[in-house]
Each structure stands twice: as C-alpha cells, then as structure tokens.
Amino acid sequence: MNAMINRIDRAIDMTAAVVAGIPADRMSAPTPCVEWDVHYLLNHLVGGMHIFATQLEREDPDRDHHDDWLGADPHGAYAAAAVADSAAWHRPDALEQTVRLGFGVVPGPMAAVIHLTEVLVHGIDLAIATDQEQLLDQQLCGEMLAIMRDMGVDNFRTPGMFGPELPASGDAPAHRKLFAYLGRTW
C-alpha cells in the first residue's frame, strides 16, 4: 500500500477515536481554530472528507463544505465520512486523479498530502479542545512534521491556513511541535 494512503488511514482512525470520545456537552467548546467550536470544526472536517471522497469518485459534490454534514448524529456522521473517505483513497487510481480545492486543481499526490494535513491537524484540534491528547498518534504527527518541513509551507502561511512558525520545546510531544510549525497555539 502507498505510504501516504496508509498515513491517511492512520489519521482517519486516530481522529475517529477522538471523535468517539467527544461528549455531547463539549460540542460548543472552543478549539484552536479561532472562531470555530467543536461542532463547527467537526462539521468542516466531515464535509471535507465527503467532498474529497466524492471528487475521487469522479463526481461533483452536491453540497458545500460548510453545509450541515452532522445532522443529529455527529459521531455517526464522522464514522460514515471515514468509511467513504478511506474507500475513495483506496481506489487504485486515487493518486492519479486531480482534485479541485478552493485555491485550484491539484494532482492526486498533493491532494493526498493536503487531505492528510486536514484530517490529522483537525483531529489534533479536536483532541486538544476535548482534553484527549493521549489519543494522538505521535509517530504520525512526527511524520507529518517531517513531510511539511521537506515541502515547506511558506506559501500557505496566510490567515485561515497557517501562521508563522512558533517556537516549540525540544521535549514537546510531536503534535505540539507540528502545531508550532504550523503557527497554531492553544
């Protein structure tokens, strides 16, 4: 299996564990994504997963990223999105396709990196917001940090994406180092 698809699977699974542990009374809790509470962030993540899956199936999404994707069952909505998303990335031609994002069309391998970033980083956001950092895959966070350092993200250091790199303690866990690299605080 392709290493990037394996990482996407790991991010989906890690985030599934975090989502499963979110109690209903924490859906309005603040997150590291300024102005987004847990419900809004989870809806954004589920919508993005469905949109990526739809595009990988060579179809046009029938809903917008921020439509209501959660309905009355946020946990079930994430589980359904995870199944669809994983299946789409496991298509034999998934990395050979192009995916249309808000800033343009990107080739499959770049779309996979972007999607991994979305699922992993928003999974971290949700874990931090709901006091579940112990569920984070530190090895995967370290791998993502290495990928991002190799690629460079300076073109994405804009409001609403990533901020300037922040200092991180050498003994900080990998997810905190990744957060600092992306300019995120909590």
# chains A, B, ... in the order shown; residues from 1 in each chain; ligands from 1
call {"tool": "residues_around", "arguments": {"residues": "A:Val34", "least_positions_apart": "6", "cutoff": "12 Å", "atoms": "only C-alpha atoms", "output": "PyMOL selection string"}}
result
chain A and resi 40-41+125+129+159-162+184-186
call {"tool": "write_last_selection", "arguments": {"atoms": "C-alpha atoms", "output": "PDB file, in the first residue's frame"}}
result
ATOM      1  CA  TYR A  40     -18.335  23.630  13.590  1.00  0.00           C
ATOM      2  CA  LEU A  41     -14.855  22.120  13.268  1.00  0.00           C
ATOM      3  CA  ASP A 125      -7.556  20.363  17.183  1.00  0.00           C
ATOM      4  CA  ALA A 129     -10.317  21.052  22.590  1.00  0.00           C
ATOM      5  CA  PRO A 159      -4.713  33.930   7.613  1.00  0.00           C
ATOM      6  CA  GLY A 160      -7.091  30.997   7.768  1.00  0.00           C
ATOM      7  CA  MET A 161      -4.402  28.456   6.863  1.00  0.00           C
ATOM      8  CA  PHE A 162      -1.087  28.507   8.730  1.00  0.00           C
ATOM      9  CA  ARG A 184      -1.052  27.234  15.826  1.00  0.00           C
ATOM     10  CA  THR A 185      -1.446  27.921  19.507  1.00  0.00           C
ATOM     11  CA  TRP A 186      -3.692  26.706  22.258  1.00  0.00           C
TER      12      TRP A 186
END
call {"tool": "select_by_dssp", "arguments": {"residues": "stretch 35-174 of chain A", "states": "helix (DSSP H, G or I)", "output": "PyMOL selection string"}}
result
chain A and resi 38-56+74-89+94-96+108-129+133-135+138-151+154-156+174
call {"tool": "residues_around", "arguments": {"residues": "A:Asp73", "least_positions_apart": "2", "cutoff": "12 Å", "atoms": "only C-alpha atoms", "output": "list in words"}}
result
Val19, Ala20, Ile22, Pro23, Ala24, Met27, His39, Leu42, Asn43, Val46, Asp68, Trp69, Leu70, Gly71, His75, Gly76, Ala77, Tyr78, Ala79 and Ala80 of chain A
call {"tool": "write_last_selection", "arguments": {"atoms": "N, CA, C and O atoms", "output": "PDB file, in the first residue's frame"}}
result
ATOM      1  N   VAL A  19     -13.061  11.603  18.013  1.00  0.00           N
ATOM      2  CA  VAL A  19     -14.476  11.953  17.817  1.00  0.00           C
ATOM      3  C   VAL A  19     -15.372  11.077  18.699  1.00  0.00           C
ATOM      4  O   VAL A  19     -16.317  11.577  19.317  1.00  0.00           O
ATOM      5  N   ALA A  20     -15.064   9.796  18.786  1.00  0.00           N
ATOM      6  CA  ALA A  20     -15.880   8.891  19.607  1.00  0.00           C
ATOM      7  C   ALA A  20     -15.885   9.323  21.075  1.00  0.00           C
ATOM      8  O   ALA A  20     -16.859   9.066  21.792  1.00  0.00           O
ATOM      9  N   ILE A  22     -15.872  12.453  22.202  1.00  0.00           N
ATOM     10  CA  ILE A  22     -16.411  13.798  22.425  1.00  0.00           C
ATOM     11  C   ILE A  22     -17.823  13.688  22.979  1.00  0.00           C
ATOM     12  O   ILE A  22     -18.732  13.234  22.293  1.00  0.00           O
ATOM     13  N   PRO A  23     -18.033  14.111  24.226  1.00  0.00           N
ATOM     14  CA  PRO A  23     -19.393  14.089  24.767  1.00  0.00           C
ATOM     15  C   PRO A  23     -20.237  15.213  24.172  1.00  0.00           C
ATOM     16  O   PRO A  23     -19.707  16.246  23.731  1.00  0.00           O
ATOM     17  N   ALA A  24     -21.531  15.015  24.154  1.00  0.00           N
ATOM     18  CA  ALA A  24     -22.452  15.993  23.567  1.00  0.00           C
ATOM     19  C   ALA A  24     -22.285  17.377  24.190  1.00  0.00           C
ATOM     20  O   ALA A  24     -22.396  18.388  23.493  1.00  0.00           O
ATOM     21  N   MET A  27     -19.653  19.877  22.494  1.00  0.00           N
ATOM     22  CA  MET A  27     -19.774  20.306  21.097  1.00  0.00           C
ATOM     23  C   MET A  27     -19.656  21.825  20.936  1.00  0.00           C
ATOM     24  O   MET A  27     -19.279  22.301  19.871  1.00  0.00           O
ATOM     25  N   HIS A  39     -18.297  21.610  17.341  1.00  0.00           N
ATOM     26  CA  HIS A  39     -19.325  21.220  16.366  1.00  0.00           C
ATOM     27  C   HIS A  39     -18.983  21.740  14.974  1.00  0.00           C
ATOM     28  O   HIS A  39     -19.035  21.010  13.986  1.00  0.00           O
ATOM     29  N   LEU A  42     -15.865  19.945  13.584  1.00  0.00           N
ATOM     30  CA  LEU A  42     -16.194  18.575  13.190  1.00  0.00           C
ATOM     31  C   LEU A  42     -17.019  18.569  11.905  1.00  0.00           C
ATOM     32  O   LEU A  42     -16.788  17.751  11.005  1.00  0.00           O
ATOM     33  N   ASN A  43     -17.952  19.481  11.780  1.00  0.00           N
ATOM     34  CA  ASN A  43     -18.751  19.587  10.556  1.00  0.00           C
ATOM     35  C   ASN A  43     -17.856  19.909   9.356  1.00  0.00           C
ATOM     36  O   ASN A  43     -18.001  19.318   8.276  1.00  0.00           O
ATOM     37  N   VAL A  46     -15.903  16.679   8.492  1.00  0.00           N
ATOM     38  CA  VAL A  46     -16.772  15.680   7.855  1.00  0.00           C
ATOM     39  C   VAL A  46     -17.135  16.120   6.439  1.00  0.00           C
ATOM     40  O   VAL A  46     -17.080  15.322   5.496  1.00  0.00           O
ATOM     41  N   ASP A  68     -24.692  21.533   6.552  1.00  0.00           N
ATOM     42  CA  ASP A  68     -24.809  20.669   7.729  1.00  0.00           C
ATOM     43  C   ASP A  68     -24.529  19.224   7.318  1.00  0.00           C
ATOM     44  O   ASP A  68     -25.335  18.587   6.652  1.00  0.00           O
ATOM     45  N   TRP A  69     -23.373  18.709   7.724  1.00  0.00           N
ATOM     46  CA  TRP A  69     -22.983  17.329   7.431  1.00  0.00           C
ATOM     47  C   TRP A  69     -23.207  16.424   8.631  1.00  0.00           C
ATOM     48  O   TRP A  69     -23.149  15.205   8.497  1.00  0.00           O
ATOM     49  N   LEU A  70     -23.441  17.010   9.803  1.00  0.00           N
ATOM     50  CA  LEU A  70     -23.527  16.213  11.022  1.00  0.00           C
ATOM     51  C   LEU A  70     -24.932  15.754  11.370  1.00  0.00           C
ATOM     52  O   LEU A  70     -25.096  14.692  11.963  1.00  0.00           O
ATOM     53  N   GLY A  71     -25.931  16.556  11.020  1.00  0.00           N
ATOM     54  CA  GLY A  71     -27.298  16.205  11.387  1.00  0.00           C
ATOM     55  C   GLY A  71     -27.425  16.029  12.890  1.00  0.00           C
ATOM     56  O   GLY A  71     -26.781  16.719  13.668  1.00  0.00           O
ATOM     57  N   HIS A  75     -21.293  11.821  15.789  1.00  0.00           N
ATOM     58  CA  HIS A  75     -20.393  10.663  15.837  1.00  0.00           C
ATOM     59  C   HIS A  75     -20.630   9.741  14.644  1.00  0.00           C
ATOM     60  O   HIS A  75     -19.682   9.288  13.991  1.00  0.00           O
ATOM     61  N   GLY A  76     -21.884   9.476  14.353  1.00  0.00           N
ATOM     62  CA  GLY A  76     -22.224   8.636  13.203  1.00  0.00           C
ATOM     63  C   GLY A  76     -21.845   9.294  11.890  1.00  0.00           C
ATOM     64  O   GLY A  76     -21.421   8.625  10.940  1.00  0.00           O
ATOM     65  N   ALA A  77     -21.973  10.623  11.831  1.00  0.00           N
ATOM     66  CA  ALA A  77     -21.611  11.347  10.607  1.00  0.00           C
ATOM     67  C   ALA A  77     -20.116  11.215  10.340  1.00  0.00           C
ATOM     68  O   ALA A  77     -19.703  11.016   9.192  1.00  0.00           O
ATOM     69  N   TYR A  78     -19.297  11.312  11.397  1.00  0.00           N
ATOM     70  CA  TYR A  78     -17.861  11.130  11.196  1.00  0.00           C
ATOM     71  C   TYR A  78     -17.575   9.698  10.751  1.00  0.00           C
ATOM     72  O   TYR A  78     -16.780   9.477   9.827  1.00  0.00           O
ATOM     73  N   ALA A  79     -18.192   8.728  11.383  1.00  0.00           N
ATOM     74  CA  ALA A  79     -17.961   7.320  11.026  1.00  0.00           C
ATOM     75  C   ALA A  79     -18.303   7.067   9.561  1.00  0.00           C
ATOM     76  O   ALA A  79     -17.548   6.397   8.843  1.00  0.00           O
ATOM     77  N   ALA A  80     -19.420   7.614   9.091  1.00  0.00           N
ATOM     78  CA  ALA A  80     -19.813   7.440   7.682  1.00  0.00           C
ATOM     79  C   ALA A  80     -18.826   8.131   6.751  1.00  0.00           C
ATOM     80  O   ALA A  80     -18.451   7.579   5.705  1.00  0.00           O
TER      81      ALA A  80
END
call {"tool": "atom_distance", "arguments": {"atom1": "atom CA of A:Leu135", "atom2": "atom CA of A:Ala180"}}
result
19.0 Å
call {"tool": "select_by_dssp", "arguments": {"residues": "chain A", "states": "strand (DSSP E)", "output": "VMD selection string"}}
result
chain A and resid 98 to 101 104 to 107
call {"tool": "closest_residue", "arguments": {"among": "A:Asn155, A:Ser28, A:Gln55, A:Ser169", "to": "A:Leu95", "atoms": "only C-alpha atoms"}}
result
A:Gln55
call {"tool": "closest_residue", "arguments": {"among": "A:Leu45, A:Arg100, A:Leu182, A:Ala94", "to": "A:Pro61", "atoms": "only C-alpha atoms"}}
result
A:Arg100
call {"tool": "closest_residue", "arguments": {"among": "A:Trp89, A:Phe156, A:Ala146, A:Val121", "to": "A:Asn6", "atoms": "only C-alpha atoms"}}
result
A:Trp89
call {"tool": "atom_distance", "arguments": {"atom1": "atom CA of A:Val105", "atom2": "atom CA of A:Thr31"}}
result
29.0 Å
